[in-house]
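Peer 1: Just my_file-v1.cif, nothing more (mmCIF, C-alpha atoms):
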data_input
loop_
_atom_site.label_atom_id
_atom_site.label_comp_id
_atom_site.auth_asym_id
_atom_site.auth_seq_id
_atom_site.Cartn_x
_atom_site.Cartn_y
_atom_site.Cartn_z
CA MET A 1 116.20 109.60 63.78
CA TRP A 2 114.62 106.87 61.66
CA LEU A 3 112.32 104.39 63.40
CA ILE A 4 111.95 101.30 61.23
CA ASN A 5 110.62 97.72 61.43
CA HIS A 6 112.04 96.02 58.34
CA ALA A 7 115.25 95.87 56.31
CA THR A 8 113.45 97.37 53.31
CA GLU A 9 112.91 100.55 55.36
CA PHE A 10 116.57 101.02 56.26
CA PRO A 11 117.65 104.47 55.02
CA PRO A 12 120.49 104.27 52.47
CA GLY A 13 121.98 107.40 54.00
CA ALA A 14 122.58 105.57 57.31
CA LYS A 15 124.91 102.90 55.94
CA GLU A 16 128.43 102.59 57.35
CA SER A 17 127.33 102.33 60.94
CA VAL A 18 128.14 101.27 64.46
CA LEU A 19 125.62 98.55 65.35
CA CYS A 20 124.31 97.59 68.79
CA VAL A 21 121.83 94.68 68.95
CA GLY A 22 119.82 93.36 71.89
CA ASN A 23 116.43 92.71 73.43
CA PHE A 24 117.26 95.46 75.93
CA ASP A 25 114.51 94.35 78.30
CA GLY A 26 114.69 96.82 81.17
CA VAL A 27 117.46 98.85 79.48
CA HIS A 28 119.51 98.29 82.64
CA LEU A 29 122.86 99.85 83.55
CA GLY A 30 124.76 97.22 81.58
CA HIS A 31 122.71 97.96 78.48
CA GLN A 32 123.17 101.67 79.05
CA ARG A 33 126.96 101.36 79.19
CA MET A 34 126.97 99.34 75.98
CA LEU A 35 124.72 101.83 74.18
CA ALA A 36 126.73 104.78 75.40
CA GLU A 37 129.97 103.19 74.18
CA ALA A 38 128.45 102.46 70.76
CA LYS A 39 127.16 106.02 70.45
CA SER A 40 130.50 107.49 71.48
CA LEU A 41 132.35 105.32 68.96
CA ALA A 42 129.97 106.33 66.17
CA ARG A 43 130.37 110.02 66.93
CA ARG A 44 134.17 109.80 67.16
CA ARG A 45 134.47 108.01 63.82
CA ASN A 46 131.76 110.02 62.05
CA LEU A 47 129.67 106.89 61.52
CA HIS A 48 125.94 106.32 61.94
CA PHE A 49 124.66 104.80 65.17
CA VAL A 50 122.18 101.95 64.68
CA VAL A 51 120.28 100.20 67.49
CA MET A 52 118.41 96.99 66.73
CA THR A 53 115.91 95.52 69.17
CA PHE A 54 113.04 93.05 68.96
CA HIS A 55 109.30 92.99 69.61
CA PRO A 56 107.96 90.68 70.77
CA HIS A 57 110.77 89.02 72.69
CA PRO A 58 112.06 86.02 70.67
CA LEU A 59 111.14 83.68 73.53
CA HIS A 60 107.46 84.48 72.92
CA ILE A 61 107.86 82.78 69.55
CA LEU A 62 110.32 80.06 70.55
CA ARG A 63 108.57 79.06 73.78
CA PRO A 64 104.90 80.03 73.42
CA ASN A 65 103.85 77.69 76.23
CA LEU A 66 106.09 79.50 78.71
CA PRO A 67 104.69 83.04 78.88
CA ARG A 68 107.32 85.65 79.73
CA ARG A 69 106.11 89.04 80.87
CA PRO A 70 108.54 91.82 79.92
CA LEU A 71 110.15 94.30 82.30
CA MET A 72 108.94 97.13 80.10
CA ALA A 73 106.11 97.99 77.78
CA VAL A 74 107.54 98.41 74.30
CA THR A 75 106.72 102.13 74.40
CA GLN A 76 108.85 102.54 77.54
CA ARG A 77 111.76 100.68 75.97
CA LEU A 78 111.63 102.80 72.82
CA GLU A 79 111.47 106.03 74.81
CA ILE A 80 114.65 105.14 76.70
CA LEU A 81 116.47 103.85 73.61
CA GLN A 82 115.58 107.04 71.76
CA GLY A 83 117.29 108.94 74.56
CA PHE A 84 120.62 107.54 73.31
CA GLU A 85 120.00 109.37 70.03
CA PRO A 86 120.53 106.57 67.51
CA ASP A 87 120.40 107.55 63.87
CA VAL A 88 118.31 104.43 63.24
CA LEU A 89 116.22 102.56 65.80
CA TRP A 90 115.27 99.27 64.19
CA VAL A 91 112.47 97.45 66.01
CA VAL A 92 112.38 94.01 64.42
CA LYS A 93 108.87 92.54 64.32
CA THR A 94 109.95 89.14 65.54
CA ASP A 95 108.52 86.20 63.62
CA GLN A 96 109.58 82.66 62.81
CA ASP A 97 111.17 83.66 59.50
CA PHE A 98 113.50 86.05 61.28
CA LEU A 99 114.32 83.49 63.98
CA ASP A 100 115.13 80.90 61.31
CA MET A 101 117.85 83.14 59.89
CA THR A 102 121.26 81.55 60.42
CA ALA A 103 124.19 83.44 61.92
CA ASP A 104 125.84 83.65 58.48
CA GLU A 105 122.63 84.94 56.91
CA PHE A 106 122.27 87.57 59.64
CA MET A 107 125.82 88.78 59.12
CA HIS A 108 125.55 88.85 55.32
CA ASN A 109 121.97 90.12 54.90
CA ILE A 110 121.72 92.48 57.85
CA MET A 111 125.18 93.55 58.96
CA VAL A 112 126.83 93.73 55.54
CA LYS A 113 124.16 94.21 52.89
CA THR A 114 121.68 96.37 54.82
CA ILE A 115 123.69 98.24 57.46
CA ALA A 116 127.27 98.09 56.12
CA ALA A 117 128.48 97.84 59.70
CA LYS A 118 131.95 99.20 60.41
CA ALA A 119 131.80 98.29 64.08
CA VAL A 120 129.55 96.19 66.32
CA VAL A 121 129.34 96.73 70.08
CA GLU A 122 127.94 93.90 72.20
CA GLY A 123 128.04 92.27 75.61
CA SER A 124 130.10 89.16 76.22
CA ASN A 125 127.02 86.84 76.31
CA PHE A 126 125.50 88.07 73.03
CA THR A 127 124.22 85.36 70.66
CA PHE A 128 122.45 85.57 67.31
CA GLY A 129 121.15 83.42 64.48
CA LYS A 130 119.06 80.27 64.53
CA GLY A 131 119.74 78.19 67.61
CA ALA A 132 121.97 80.97 68.99
CA GLN A 133 124.75 79.60 66.78
CA GLY A 134 126.46 82.98 66.47
CA THR A 135 128.46 84.42 69.38
CA VAL A 136 130.80 87.33 69.99
CA ASN A 137 133.62 85.03 68.88
CA THR A 138 131.80 84.61 65.56
CA LEU A 139 131.69 88.38 65.19
CA ARG A 140 135.39 88.63 65.96
CA GLU A 141 136.32 85.89 63.50
CA LYS A 142 134.20 87.21 60.63
CA GLY A 143 134.83 90.90 61.24
CA PRO A 144 138.07 91.21 59.25
CA ASP A 145 136.45 89.52 56.22
CA PHE A 146 133.30 91.66 56.34
CA GLY A 147 134.88 94.95 57.34
CA TRP A 148 133.77 95.51 60.93
CA GLU A 149 135.53 95.83 64.25
CA THR A 150 134.04 93.93 67.21
CA ILE A 151 134.00 95.68 70.58
CA ILE A 152 132.96 93.55 73.56
CA VAL A 153 131.73 95.46 76.60
CA PRO A 154 132.49 93.55 79.83
CA THR A 155 129.60 92.56 82.08
CA LEU A 156 128.84 95.37 84.50
CA GLN A 157 129.00 94.70 88.22
CA GLY A 158 126.34 96.09 90.56
CA VAL A 159 126.09 96.34 94.34
CA LEU A 160 122.89 95.45 96.19
CA GLN A 161 121.68 96.84 99.50
CA ASP A 162 123.40 94.10 101.46
CA LEU A 163 126.65 95.08 99.67
CA SER A 164 126.75 91.83 97.68
CA GLN A 165 128.30 92.29 94.24
CA VAL A 166 126.41 90.85 91.27
CA ASP A 167 126.49 90.78 87.48
CA VAL A 168 123.89 93.18 86.09
CA SER A 169 121.45 91.27 83.88
CA SER A 170 117.79 91.36 82.87
CA SER A 171 117.35 87.88 84.35
CA LEU A 172 118.60 88.90 87.78
CA ILE A 173 116.43 92.02 87.70
CA ARG A 174 113.42 89.86 86.84
CA TRP A 175 114.20 87.59 89.79
CA LEU A 176 114.61 90.53 92.19
CA ILE A 177 111.27 92.00 91.12
CA SER A 178 109.56 88.62 91.47
CA GLN A 179 110.85 88.56 95.06
CA GLY A 180 109.59 92.07 95.81
CA ARG A 181 113.12 93.47 96.00
CA VAL A 182 112.32 96.51 93.92
CA SER A 183 114.98 98.75 95.46
CA ASP A 184 117.69 96.27 94.49
CA ALA A 185 116.21 95.97 91.00
CA ASN A 186 116.20 99.77 90.75
CA ARG A 187 119.91 99.84 91.63
CA LEU A 188 120.66 97.64 88.62
CA MET A 189 118.27 99.43 86.26
CA GLY A 190 119.29 102.96 87.20
CA ARG A 191 115.64 104.00 87.57
CA PRO A 192 112.54 102.87 89.48
CA TYR A 193 110.77 99.78 88.14
CA THR A 194 107.69 101.13 86.38
CA LEU A 195 104.46 99.50 85.27
CA ARG A 196 102.68 101.24 82.39
CA GLY A 197 99.06 100.44 81.84
CA LEU A 198 95.48 101.60 81.53
CA VAL A 199 93.28 102.44 84.51
CA GLU A 200 90.32 100.07 84.62
CA HIS A 201 87.22 99.82 86.78
CA GLY A 202 87.72 97.81 89.96
CA ALA A 203 85.39 96.63 92.70
CA GLY A 204 85.24 100.14 94.17
CA ARG A 205 85.96 99.01 97.74
CA GLY A 206 88.77 101.52 98.25
CA ALA A 207 86.48 104.50 97.76
CA THR A 208 84.01 103.16 100.33
CA ILE A 209 86.68 103.09 103.05
CA GLY A 210 88.28 106.44 102.17
CA TYR A 211 91.19 105.21 100.07
CA PRO A 212 90.14 105.16 96.40
CA THR A 213 92.64 103.36 94.20
CA LEU A 214 93.58 103.26 90.54
CA ASN A 215 93.39 99.72 89.18
CA ILE A 216 96.13 99.23 86.61
CA GLN A 217 95.89 96.72 83.77
CA CYS A 218 99.31 95.95 82.29
CA GLU A 219 101.25 93.18 80.54
CA GLN A 220 104.54 93.53 82.42
CA LEU A 221 106.15 91.39 85.09
CA LEU A 222 104.44 92.12 88.42
CA PRO A 223 106.40 92.48 91.65
CA ALA A 224 105.75 89.92 94.39
CA PRO A 225 102.46 90.40 96.23
CA GLY A 226 102.84 93.11 98.83
CA VAL A 227 102.50 96.81 99.54
CA TYR A 228 105.02 99.23 98.09
CA ALA A 229 105.89 102.91 98.25
CA GLY A 230 106.22 104.62 94.92
CA GLN A 231 104.86 107.16 92.52
CA ALA A 232 102.12 107.49 89.93
CA VAL A 233 102.52 109.60 86.82
CA ILE A 234 99.15 110.86 85.60
CA ALA A 235 98.89 113.27 82.66
CA GLU A 236 102.60 114.11 83.08
CA GLN A 237 102.14 114.98 86.77
CA THR A 238 103.94 112.93 89.43
CA TYR A 239 102.33 111.99 92.75
CA ALA A 240 103.43 109.84 95.67
CA ALA A 241 101.52 106.56 95.81
CA ALA A 242 100.94 103.53 98.01
CA ILE A 243 100.79 100.53 95.69
CA SER A 244 99.24 97.16 96.43
CA VAL A 245 99.95 94.01 94.41
CA GLY A 246 97.76 91.15 95.55
CA ASN A 247 94.35 89.54 95.63
CA ASN A 248 92.64 91.55 98.40
CA PRO A 249 92.76 88.77 101.02
CA THR A 250 90.62 90.72 103.51
CA PHE A 251 87.79 90.52 100.97
CA ASN A 252 88.59 86.91 99.95
CA GLY A 253 89.64 88.00 96.50
CA THR A 254 91.22 85.62 94.00
CA ALA A 255 92.40 87.75 91.05
CA LEU A 256 95.87 89.32 91.24
CA THR A 257 95.54 93.09 90.85
CA VAL A 258 97.70 96.22 90.94
CA GLU A 259 96.07 99.09 92.81
CA ALA A 260 97.58 102.49 93.56
CA PHE A 261 96.28 104.93 96.17
CA VAL A 262 97.57 108.23 94.82
CA LEU A 263 98.27 110.81 97.51
CA ASP A 264 96.87 114.32 97.04
CA PHE A 265 95.02 113.38 93.86
CA SER A 266 91.37 113.15 92.97
CA GLY A 267 89.61 112.61 89.70
CA ALA A 268 88.50 109.92 87.29
CA VAL A 269 91.16 108.62 84.92
CA TYR A 270 89.51 105.46 83.62
CA ASP A 271 90.96 104.16 80.34
CA GLN A 272 93.89 106.58 80.61
CA GLN A 273 97.53 105.51 80.59
CA VAL A 274 99.32 105.73 83.93
CA ASP A 275 102.89 104.93 84.97
CA VAL A 276 103.29 103.37 88.42
CA ARG A 277 106.83 103.44 89.82
CA PHE A 278 107.92 101.07 92.58
CA THR A 279 110.57 102.52 94.89
CA HIS A 280 110.37 100.62 98.21
CA TRP A 281 108.88 97.42 99.55
CA LEU A 282 106.80 98.19 102.66
CA ARG A 283 105.18 94.95 103.80
CA ASP A 284 103.63 91.64 102.80
CA GLN A 285 99.97 91.21 101.98
CA TYR A 286 97.88 89.67 104.75
CA LYS A 287 94.27 89.26 105.76
CA PHE A 288 92.92 91.68 108.36
CA SER A 289 90.31 90.95 110.99
CA GLY A 290 88.00 93.63 109.63
CA ILE A 291 87.60 96.91 107.79
CA GLU A 292 88.80 99.10 110.67
CA ALA A 293 92.02 97.15 111.05
CA LEU A 294 92.58 97.38 107.32
CA LYS A 295 91.98 101.15 107.30
CA ALA A 296 94.39 101.66 110.19
CA GLN A 297 97.12 99.74 108.35
CA ILE A 298 96.50 101.62 105.10
CA GLN A 299 96.96 104.89 106.98
CA ARG A 300 100.27 103.61 108.35
CA ASP A 301 101.27 102.67 104.81
CA VAL A 302 100.37 106.14 103.56
CA ASP A 303 102.39 107.74 106.37
CA GLN A 304 105.41 105.70 105.30
CA VAL A 305 104.93 106.74 101.70
CA ARG A 306 104.88 110.40 102.72
CA GLN A 307 108.16 109.91 104.58
CA ARG A 308 109.92 108.00 101.80
CA VAL A 309 108.65 109.45 98.54
CA THR A 310 108.26 113.02 97.35
CA ASN A 311 107.27 114.48 93.98
CA SER A 312 110.81 115.72 93.37
CA MET A 313 112.63 112.44 94.07
CA ALA A 314 112.86 109.20 92.06
CA TYR A 315 113.69 107.19 95.16
CA ILE A 316 115.15 107.71 98.61
CA SER A 317 118.61 106.48 99.63
CA PRO A 318 118.47 102.72 100.31
CA SER A 319 119.92 103.36 103.76
CA THR A 320 116.46 104.54 104.85
CA GLU A 321 114.77 101.27 103.89
CA THR A 322 114.33 97.93 105.57
CA PRO A 323 115.13 95.57 102.68
CA ARG A 324 113.12 92.47 101.92
CA GLU A 325 115.29 89.46 102.76
CA THR A 326 115.65 86.69 100.17
CA SER A 327 118.74 84.72 99.25
CA LEU A 328 120.22 85.38 95.83
CA PRO A 329 120.10 82.50 93.36
CA HIS A 330 123.33 81.19 91.87
CA GLN A 331 124.32 83.31 88.87
CA SER A 332 124.43 80.23 86.62
CA ASN A 333 120.70 79.75 87.23
CA LEU A 334 119.92 83.11 85.65
CA ALA A 335 120.37 82.40 81.96
CA ASP A 336 119.99 85.66 80.04
CA ALA A 337 118.67 85.35 76.48
CA ALA A 338 120.51 87.77 74.18
CA ASN A 339 120.44 90.67 76.67
#
Using the file provided, produce a representation of the structure as structure tokens.
Peer 2:
Amino acid sequence: MWLINHATEFPPGAKESVLCVGNFDGVHLGHQRMLAEAKSLARRRNLHFVVMTFHPHPLHILRPNLPRRPLMAVTQRLEILQGFEPDVLWVVKTDQDFLDMTADEFMHNIMVKTIAAKAVVEGSNFTFGKGAQGTVNTLREKGPDFGWETIIVPTLQGVLQDLSQVDVSSSLIRWLISQGRVSDANRLMGRPYTLRGLVEHGAGRGATIGYPTLNIQCEQLLPAPGVYAGQAVIAEQTYAAAISVGNNPTFNGTALTVEAFVLDFSGAVYDQQVDVRFTHWLRDQYKFSGIEALKAQIQRDVDQVRQRVTNSMAYISPSTETPRETSLPHQSNLADAAN
């Protein structure tokens, strides 16, 4: 596999390809179906399989005053995309010059001149080119002239815990996570929502009350404040974990932090990379009357984690969980930007 960042690096031997383009934030089940179809088509027709994605997300350039935390660290996204075994994984270093490229320029310079695409596989809401002027209809119309077939993968439907049926999208997953509905988000992603970050020094209060925590510094979208059951992956070992997202209200804290009490683990891992997986919402954050009340609740949280999460399981059946109740937004309010 070739991992490249620029058109000048594209290997000549990988021309005549099946192309799949997207931000792929979260690499959710809809993305996975699209990637799997593109890979299958490439293998059947003896063509190369090319995946193009972007870092940073184009909205970071287009709307710098509206910060958008990703669902994944770029290393996580690349690991999952590599699992689909593309011949070329092209990670475009997004800049204004690239975003100023028109739809016609993208088709001519990238799809024809660089890749020599014989097929392109996309979702129905895919757009490209400056101002999102190119659509799947553009690909269909231009395909016969430029020599590619356009395959549109229908939007995948997912089922949430309350049995409501929804369109799988990165935007909906972002909304679910922001509401603390991590189990529903996991259903649409096909894996537990995972924060990847470095362990940093915290206030040290957890150790003084018998529950030392790992303080995780990351750049991803944080779940709603609350306490969650999940797992921590440390040096390739997986442990059950009780995870707190909040500002430590019992101690009158103000900064939003992510802290994981890792069951059956001891040791210093400062400045090391850790993955923290969210599997179940347990409860809201609230201020306790004192340290003893806090310790008693933490023990109850830990007991729940032991019941729900084990080292051999990604997440327990949703039927064992009390879901967090929030009303779904209207689908039209969840505009998804190029997957």
Peer 1: Show me as a VMD selection string the residues that reach within 12 Å of (116.9, 106.5, 77.7), counting only C-alpha atoms and using the file's own coordinates.
Peer 2: chain A and resid 24 26 to 29 31 to 33 35 to 36 75 to 86 189 to 191
Peer 1: Where does the PyMOL selection byres ((chain A and resi 129) around 9) land in this file, that is, which residues does it pick, as number ranges by chain?
Peer 2: A: 98-107, 127-128, 130-135
Peer 1: Measuring between only C-alpha atoms, which one of A:Val51, A:Leu263, A:Val227, A:Val166 shows the shortest distance to Trp281 of chain A?
Peer 2: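 With only C-alpha atoms as the atom set, the closest residue is A:Val227.
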Peer 1: Quick check, in Å to one decimal: how far apart do atom CA of Asp95 of chain A and atom CA of Gly123 of chain A lie?
Peer 2: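 Atom-to-atom, atom CA of Asp95 of chain A and atom CA of Gly123 of chain A are spaced 23.7 Å apart.
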Peer 1: Residues within 9 Å of Ala14 of chain A, please, as a VMD selection string. Count all atoms listed in the file; anything in the same chain fewer than 2 positions from it doesn't count.
Peer 2: chain A and resid 10 to 12 16 to 17 47 to 50 87 to 88 115 to 116
Peer 1: Write out, as a CSV table (one decimal), in the frame of the given file, the residues just selected, with C-alpha atoms.
Peer 2:
chain,number,residue,atom,x,y,z
A,10,PHE,CA,116.6,101.0,56.3
A,11,PRO,CA,117.6,104.5,55.0
A,12,PRO,CA,120.5,104.3,52.5
A,16,GLU,CA,128.4,102.6,57.4
A,17,SER,CA,127.3,102.3,60.9
A,47,LEU,CA,129.7,106.9,61.5
A,48,HIS,CA,125.9,106.3,61.9
A,49,PHE,CA,124.7,104.8,65.2
A,50,VAL,CA,122.2,102.0,64.7
A,87,ASP,CA,120.4,107.6,63.9
A,88,VAL,CA,118.3,104.4,63.2
A,115,ILE,CA,123.7,98.2,57.5
A,116,ALA,CA,127.3,98.1,56.1
Peer 1: Which residues fall under the PyMOL selection byres ((chain A and resi 241) around 10) in this file, as a PyMOL selection string?
Peer 2: chain A and resi 213+228-233+238-240+242-244+259-265+276-279+301-302+305-306+309-311
Peer 1: Give me a file of those residues, with C-alpha atoms, as a tab-separated table (two decimals), keeping the file's coordinate frame.
Peer 2:
chain	number	residue	atom	x	y	z
A	213	THR	CA	92.64	103.36	94.20
A	228	TYR	CA	105.02	99.23	98.09
A	229	ALA	CA	105.89	102.91	98.25
A	230	GLY	CA	106.22	104.62	94.92
A	231	GLN	CA	104.86	107.16	92.52
A	232	ALA	CA	102.12	107.49	89.93
A	233	VAL	CA	102.52	109.60	86.82
A	238	THR	CA	103.94	112.93	89.43
A	239	TYR	CA	102.33	111.99	92.75
A	240	ALA	CA	103.43	109.84	95.67
A	242	ALA	CA	100.94	103.53	98.01
A	243	ILE	CA	100.79	100.53	95.69
A	244	SER	CA	99.24	97.16	96.43
A	259	GLU	CA	96.07	99.09	92.81
A	260	ALA	CA	97.58	102.49	93.56
A	261	PHE	CA	96.28	104.93	96.17
A	262	VAL	CA	97.57	108.23	94.82
A	263	LEU	CA	98.27	110.81	97.51
A	264	ASP	CA	96.87	114.32	97.04
A	265	PHE	CA	95.02	113.38	93.86
A	276	VAL	CA	103.29	103.37	88.42
A	277	ARG	CA	106.83	103.44	89.82
A	278	PHE	CA	107.92	101.07	92.58
A	279	THR	CA	110.57	102.52	94.89
A	301	ASP	CA	101.27	102.67	104.81
A	302	VAL	CA	100.37	106.14	103.56
A	305	VAL	CA	104.93	106.74	101.70
A	306	ARG	CA	104.88	110.40	102.72
A	309	VAL	CA	108.65	109.45	98.54
A	310	THR	CA	108.26	113.02	97.35
A	311	ASN	CA	107.27	114.48	93.98
Peer 1: Nearest to Phe126 of chain A: which of A:Thr194, A:Thr155, A:Ser266, A:Thr326 is it, counting all atoms listed in the file?
Peer 2: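 With all atoms listed in the file as the atom set, the closest residue is A:Thr155.
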Peer 1: Using the chain letters and numbers from this file, what does the PyMOL selection byres ((chain A and resi 256) around 12) select? Give the answer as a list of chain:residue names.
Peer 2: A:Gly202, A:Asn215, A:Ile216, A:Gln217, A:Cys218, A:Leu222, A:Pro223, A:Ala224, A:Pro225, A:Gly226, A:Ser244, A:Val245, A:Gly246, A:Asn247, A:Asn248, A:Pro249, A:Asn252, A:Gly253, A:Thr254, A:Ala255, A:Thr257, A:Val258, A:Glu259, A:Gln285
Peer 1: So the first atom is atom CA of Asn65 of chain A and the second is atom CA of Ser170 of chain A; what is the distance between them in Å, to one decimal place?
Peer 2: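 Answer for the atom CA of Asn65 of chain A to atom CA of Ser170 of chain A separation: 20.6 Å.
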Peer 1: Using all atoms listed in the file, can you tell me which of A:Gly158, A:Gly290, A:Gly180, A:Gly197 comes closest to Gln272 of chain A?
Peer 2: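 The shortest atom-to-atom distance to Gln272 of chain A comes from A:Gly197.
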Peer 1: Check the smallest atom-to-atom distance from each of A:Leu19, A:Leu188, A:Ala293, A:Val182 to Trp148 of chain A using only C-alpha atoms, then report the winner.
Peer 2: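 The closest residue to Trp148 of chain A is A:Leu19.
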Peer 1: So what do you get for atom CA of Pro64 of chain A versus atom CA of Gln96 of chain A, distance-wise?
Peer 2: 11.9 Å
Peer 1: Between A:Arg283, A:Arg63, A:Arg181, A:His55, which one has atoms that come closest to Lys93 of chain A, using only C-alpha atoms?
Peer 2: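 Once distances to Lys93 of chain A are computed over only C-alpha atoms, the minimum belongs to A:His55.
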Peer 1: Taking into account only C-alpha atoms, which residue in the set A:Phe288, A:Trp175, A:Tyr270, A:Trp90 is nearest to Pro329 of chain A?
Peer 2: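 Going through A:Phe288, A:Trp175, A:Tyr270, A:Trp90 one by one, the smallest distance to Pro329 of chain A is for A:Trp175.
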Peer 1: Please identify all polymer residues lying at most 12 Å from the point (110.1, 101.3, 60.9) (file coordinates), using only C-alpha atoms, and present the result as a short mmCIF file (atom, residue, chain, number, x, y, z; two decimals) with C-alpha atoms, in the frame of the given file.
Peer 2:
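Once everything was written out, this is result_33.cif:
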data_model
loop_
_atom_site.label_atom_id
_atom_site.label_comp_id
_atom_site.auth_asym_id
_atom_site.auth_seq_id
_atom_site.Cartn_x
_atom_site.Cartn_y
_atom_site.Cartn_z
CA MET A 1 116.20 109.60 63.78
CA TRP A 2 114.62 106.87 61.66
CA LEU A 3 112.32 104.39 63.40
CA ILE A 4 111.95 101.30 61.23
CA ASN A 5 110.62 97.72 61.43
CA HIS A 6 112.04 96.02 58.34
CA ALA A 7 115.25 95.87 56.31
CA THR A 8 113.45 97.37 53.31
CA GLU A 9 112.91 100.55 55.36
CA PHE A 10 116.57 101.02 56.26
CA PRO A 11 117.65 104.47 55.02
CA MET A 52 118.41 96.99 66.73
CA THR A 53 115.91 95.52 69.17
CA PHE A 54 113.04 93.05 68.96
CA VAL A 88 118.31 104.43 63.24
CA LEU A 89 116.22 102.56 65.80
CA TRP A 90 115.27 99.27 64.19
CA VAL A 91 112.47 97.45 66.01
CA VAL A 92 112.38 94.01 64.42
CA LYS A 93 108.87 92.54 64.32
#
Peer 1: If you keep C-alpha atoms, can you output segment 31-85 of chain A as a CSV table (one decimal), in the first residue's frame?
Peer 2:
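Contents of selection37.csv, freshly written:
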chain,number,residue,atom,x,y,z
A,31,HIS,CA,-18.6,4.6,5.1
A,32,GLN,CA,-17.7,1.0,5.6
A,33,ARG,CA,-20.3,-0.3,3.2
A,34,MET,CA,-19.1,2.2,0.6
A,35,LEU,CA,-15.4,1.3,1.0
A,36,ALA,CA,-16.2,-2.4,0.9
A,37,GLU,CA,-18.2,-2.0,-2.3
A,38,ALA,CA,-15.3,0.0,-3.9
A,39,LYS,CA,-12.8,-2.6,-2.8
A,40,SER,CA,-14.9,-5.4,-4.1
A,41,LEU,CA,-15.4,-3.7,-7.5
A,42,ALA,CA,-11.6,-3.0,-7.8
A,43,ARG,CA,-10.8,-6.7,-7.1
A,44,ARG,CA,-13.4,-8.0,-9.5
A,45,ARG,CA,-12.2,-5.8,-12.4
A,46,ASN,CA,-8.5,-6.2,-11.6
A,47,LEU,CA,-8.2,-2.4,-11.0
A,48,HIS,CA,-6.4,-0.5,-8.2
A,49,PHE,CA,-8.3,0.6,-5.2
A,50,VAL,CA,-7.7,4.3,-4.2
A,51,VAL,CA,-9.1,6.0,-1.1
A,52,MET,CA,-8.8,9.7,-0.8
A,53,THR,CA,-9.4,11.5,2.5
A,54,PHE,CA,-8.6,14.9,4.0
A,55,HIS,CA,-6.6,16.3,6.9
A,56,PRO,CA,-7.5,18.6,8.4
A,57,HIS,CA,-11.3,18.6,7.8
A,58,PRO,CA,-12.1,21.2,5.1
A,59,LEU,CA,-14.4,23.0,7.5
A,60,HIS,CA,-11.3,23.9,9.6
A,61,ILE,CA,-10.1,26.0,6.7
A,62,LEU,CA,-13.5,27.2,5.4
A,63,ARG,CA,-14.9,28.1,8.9
A,64,PRO,CA,-12.0,28.8,11.2
A,65,ASN,CA,-14.1,30.7,13.7
A,66,LEU,CA,-16.3,27.6,14.2
A,67,PRO,CA,-14.0,25.0,15.7
A,68,ARG,CA,-15.1,21.4,14.9
A,69,ARG,CA,-13.6,18.6,16.9
A,70,PRO,CA,-13.3,15.4,14.9
A,71,LEU,CA,-14.8,12.0,15.9
A,72,MET,CA,-11.3,10.5,15.4
A,73,ALA,CA,-7.7,11.3,15.7
A,74,VAL,CA,-6.2,11.1,12.2
A,75,THR,CA,-4.1,8.1,13.3
A,76,GLN,CA,-7.3,6.2,14.2
A,77,ARG,CA,-8.9,7.1,10.9
A,78,LEU,CA,-5.9,5.9,8.9
A,79,GLU,CA,-5.7,2.7,10.8
A,80,ILE,CA,-9.3,1.8,10.0
A,81,LEU,CA,-9.0,2.9,6.4
A,82,GLN,CA,-5.9,0.8,6.0
A,83,GLY,CA,-7.9,-2.2,7.1
A,84,PHE,CA,-9.8,-2.0,3.8
A,85,GLU,CA,-6.5,-2.7,2.0
